[in-house]
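Asker: A single structure is presented below for examination.
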Amino acid sequence: RKNKAKGNFTLLEWSNLKRKFGFRCVICKRKRKLSIDHIIPLSRGGNNYIKNIQPLCIPCNSRKKDS
């Protein structure tokens with residue numbers, strides 16, 4: 001899906017986004033290893049631009065997939 005998704009972002013943009021949120025998960029606010037999460041999932045027509053990306057820790061990202 002990522003290969004066919006519209007848009008992309010750079011490592012610098014990802015680093016700046018994590019810095020913007022204080023290197024904390026957007027959901028639980030804890031400082032953990034962060035993963036890339038698409039706010040609007042690619043499977044639902046979301047894109048791969050940085051504006052559609054949020055930093056989530058792996059546990060929060062996994063729980064989000066269940067809902």
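In the structure tokens, each chain is lettered A, B, ... as it comes, each chain's residues begin at 1, and ligands are numbered from 1 in order of appearance.
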Extract, using only C-alpha atoms, all DNA, RNA and protein residues at most 10 Å from Pro59 (chain A), discarding same-chain residues fewer than 2 positions from it, and format them as a list in words.

Answerer: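 What passes the distance filter is Cys25, Cys28, Arg32, Lys33, Leu34, Ser35, Leu56, Cys57, Asn61, Ser62, Arg63 and Lys64 of chain A.
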
Asker: DSSP on the backbone, strand (DSSP E) only: what residues of chain A does that give? Format it as a ChimeraX atom specification.

Answerer: /A:34-38,53-57

Asker: Could the residues in this selection be written to a file with all heavy atoms, as an mmCIF file, in the first residue's frame?

Answerer:
```cif
data_model
loop_
_atom_site.group_PDB
_atom_site.id
_atom_site.type_symbol
_atom_site.label_atom_id
_atom_site.label_comp_id
_atom_site.auth_asym_id
_atom_site.auth_seq_id
_atom_site.Cartn_x
_atom_site.Cartn_y
_atom_site.Cartn_z
ATOM 1 N N LEU A 34 8.776 5.313 19.166
ATOM 2 C CA LEU A 34 7.618 5.739 18.395
ATOM 3 C C LEU A 34 7.566 5.075 17.028
ATOM 4 O O LEU A 34 8.591 4.837 16.398
ATOM 5 C CB LEU A 34 7.637 7.262 18.234
ATOM 6 C CG LEU A 34 7.553 8.043 19.538
ATOM 7 C CD1 LEU A 34 7.810 9.517 19.301
ATOM 8 C CD2 LEU A 34 6.209 7.833 20.206
ATOM 9 N N SER A 35 6.350 4.816 16.595
ATOM 10 C CA SER A 35 6.136 4.245 15.266
ATOM 11 C C SER A 35 5.302 5.217 14.446
ATOM 12 O O SER A 35 4.600 6.074 14.972
ATOM 13 C CB SER A 35 5.425 2.888 15.375
ATOM 14 O OG SER A 35 4.164 3.038 15.969
ATOM 15 N N ILE A 36 5.384 5.056 13.151
ATOM 16 C CA ILE A 36 4.646 5.904 12.219
ATOM 17 C C ILE A 36 3.208 5.400 12.131
ATOM 18 O O ILE A 36 2.975 4.221 11.896
ATOM 19 C CB ILE A 36 5.319 5.859 10.833
ATOM 20 C CG1 ILE A 36 6.707 6.483 10.911
ATOM 21 C CG2 ILE A 36 4.457 6.547 9.787
ATOM 22 C CD1 ILE A 36 7.562 6.217 9.693
ATOM 23 N N ASP A 37 2.265 6.311 12.319
ATOM 24 C CA ASP A 37 0.849 5.962 12.200
ATOM 25 C C ASP A 37 0.189 6.932 11.231
ATOM 26 O O ASP A 37 0.420 8.143 11.293
ATOM 27 C CB ASP A 37 0.161 6.063 13.561
ATOM 28 C CG ASP A 37 -1.324 5.792 13.442
ATOM 29 O OD1 ASP A 37 -1.685 4.657 13.094
ATOM 30 O OD2 ASP A 37 -2.113 6.730 13.663
ATOM 31 N N HIS A 38 -0.609 6.396 10.333
ATOM 32 C CA HIS A 38 -1.377 7.219 9.406
ATOM 33 C C HIS A 38 -2.700 7.589 10.075
ATOM 34 O O HIS A 38 -3.449 6.702 10.488
ATOM 35 C CB HIS A 38 -1.627 6.471 8.093
ATOM 36 C CG HIS A 38 -0.384 6.275 7.305
ATOM 37 N ND1 HIS A 38 0.463 5.209 7.520
ATOM 38 C CD2 HIS A 38 0.168 7.013 6.316
ATOM 39 C CE1 HIS A 38 1.483 5.297 6.691
ATOM 40 N NE2 HIS A 38 1.334 6.389 5.948
ATOM 41 N N ILE A 53 0.497 11.910 9.192
ATOM 42 C CA ILE A 53 1.319 11.026 10.022
ATOM 43 C C ILE A 53 1.310 11.536 11.458
ATOM 44 O O ILE A 53 1.340 12.738 11.706
ATOM 45 C CB ILE A 53 2.778 10.996 9.497
ATOM 46 C CG1 ILE A 53 2.831 10.541 8.040
ATOM 47 C CG2 ILE A 53 3.672 10.142 10.384
ATOM 48 C CD1 ILE A 53 2.416 9.118 7.792
ATOM 49 N N GLN A 54 1.261 10.598 12.402
ATOM 50 C CA GLN A 54 1.404 10.950 13.812
ATOM 51 C C GLN A 54 2.290 9.919 14.488
ATOM 52 O O GLN A 54 2.306 8.753 14.099
ATOM 53 C CB GLN A 54 0.056 11.049 14.501
ATOM 54 C CG GLN A 54 -0.733 9.758 14.546
ATOM 55 C CD GLN A 54 -2.089 9.927 15.181
ATOM 56 O OE1 GLN A 54 -2.405 10.972 15.742
ATOM 57 N NE2 GLN A 54 -2.911 8.894 15.103
ATOM 58 N N PRO A 55 3.052 10.343 15.492
ATOM 59 C CA PRO A 55 3.892 9.400 16.222
ATOM 60 C C PRO A 55 3.107 8.692 17.329
ATOM 61 O O PRO A 55 2.519 9.338 18.190
ATOM 62 C CB PRO A 55 5.000 10.279 16.811
ATOM 63 C CG PRO A 55 4.398 11.638 16.920
ATOM 64 C CD PRO A 55 3.346 11.734 15.858
ATOM 65 N N LEU A 56 3.064 7.381 17.255
ATOM 66 C CA LEU A 56 2.420 6.572 18.294
ATOM 67 C C LEU A 56 3.403 5.528 18.785
ATOM 68 O O LEU A 56 4.209 5.002 18.013
ATOM 69 C CB LEU A 56 1.183 5.846 17.748
ATOM 70 C CG LEU A 56 -0.006 6.660 17.281
ATOM 71 C CD1 LEU A 56 -1.151 5.726 16.900
ATOM 72 C CD2 LEU A 56 -0.463 7.652 18.323
ATOM 73 N N CYS A 57 3.310 5.193 20.067
ATOM 74 C CA CYS A 57 4.100 4.078 20.573
ATOM 75 C C CYS A 57 3.484 2.790 20.019
ATOM 76 O O CYS A 57 2.322 2.782 19.585
ATOM 77 C CB CYS A 57 4.147 4.085 22.094
ATOM 78 S SG CYS A 57 2.576 3.785 22.913
#
```

Asker: DSSP on the backbone, then: every residue of chain A marked alpha helix (DSSP H), written as a list of chain:residue names.

Answerer: A:Leu11, A:Leu12, A:Glu13, A:Trp14, A:Ser15, A:Asn16, A:Leu17, A:Lys18, A:Arg19, A:Lys20, A:Ile58, A:Pro59, A:Cys60, A:Asn61, A:Ser62, A:Arg63, A:Lys64, A:Lys65, A:Asp66

Asker: Name all residues at most 12 Å from Thr10 (chain A) (count only C-alpha atoms; drop same-chain ones fewer than 4 positions away) and give them as number ranges by chain.

Answerer: A: 14-17, 48-50, 53

Asker: If I take CA of Ile58 (chain A) and CA of Ile27 (chain A), how far is one from the other in Å, to one decimal?

Answerer: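 A separation of 10.9 Å between them.
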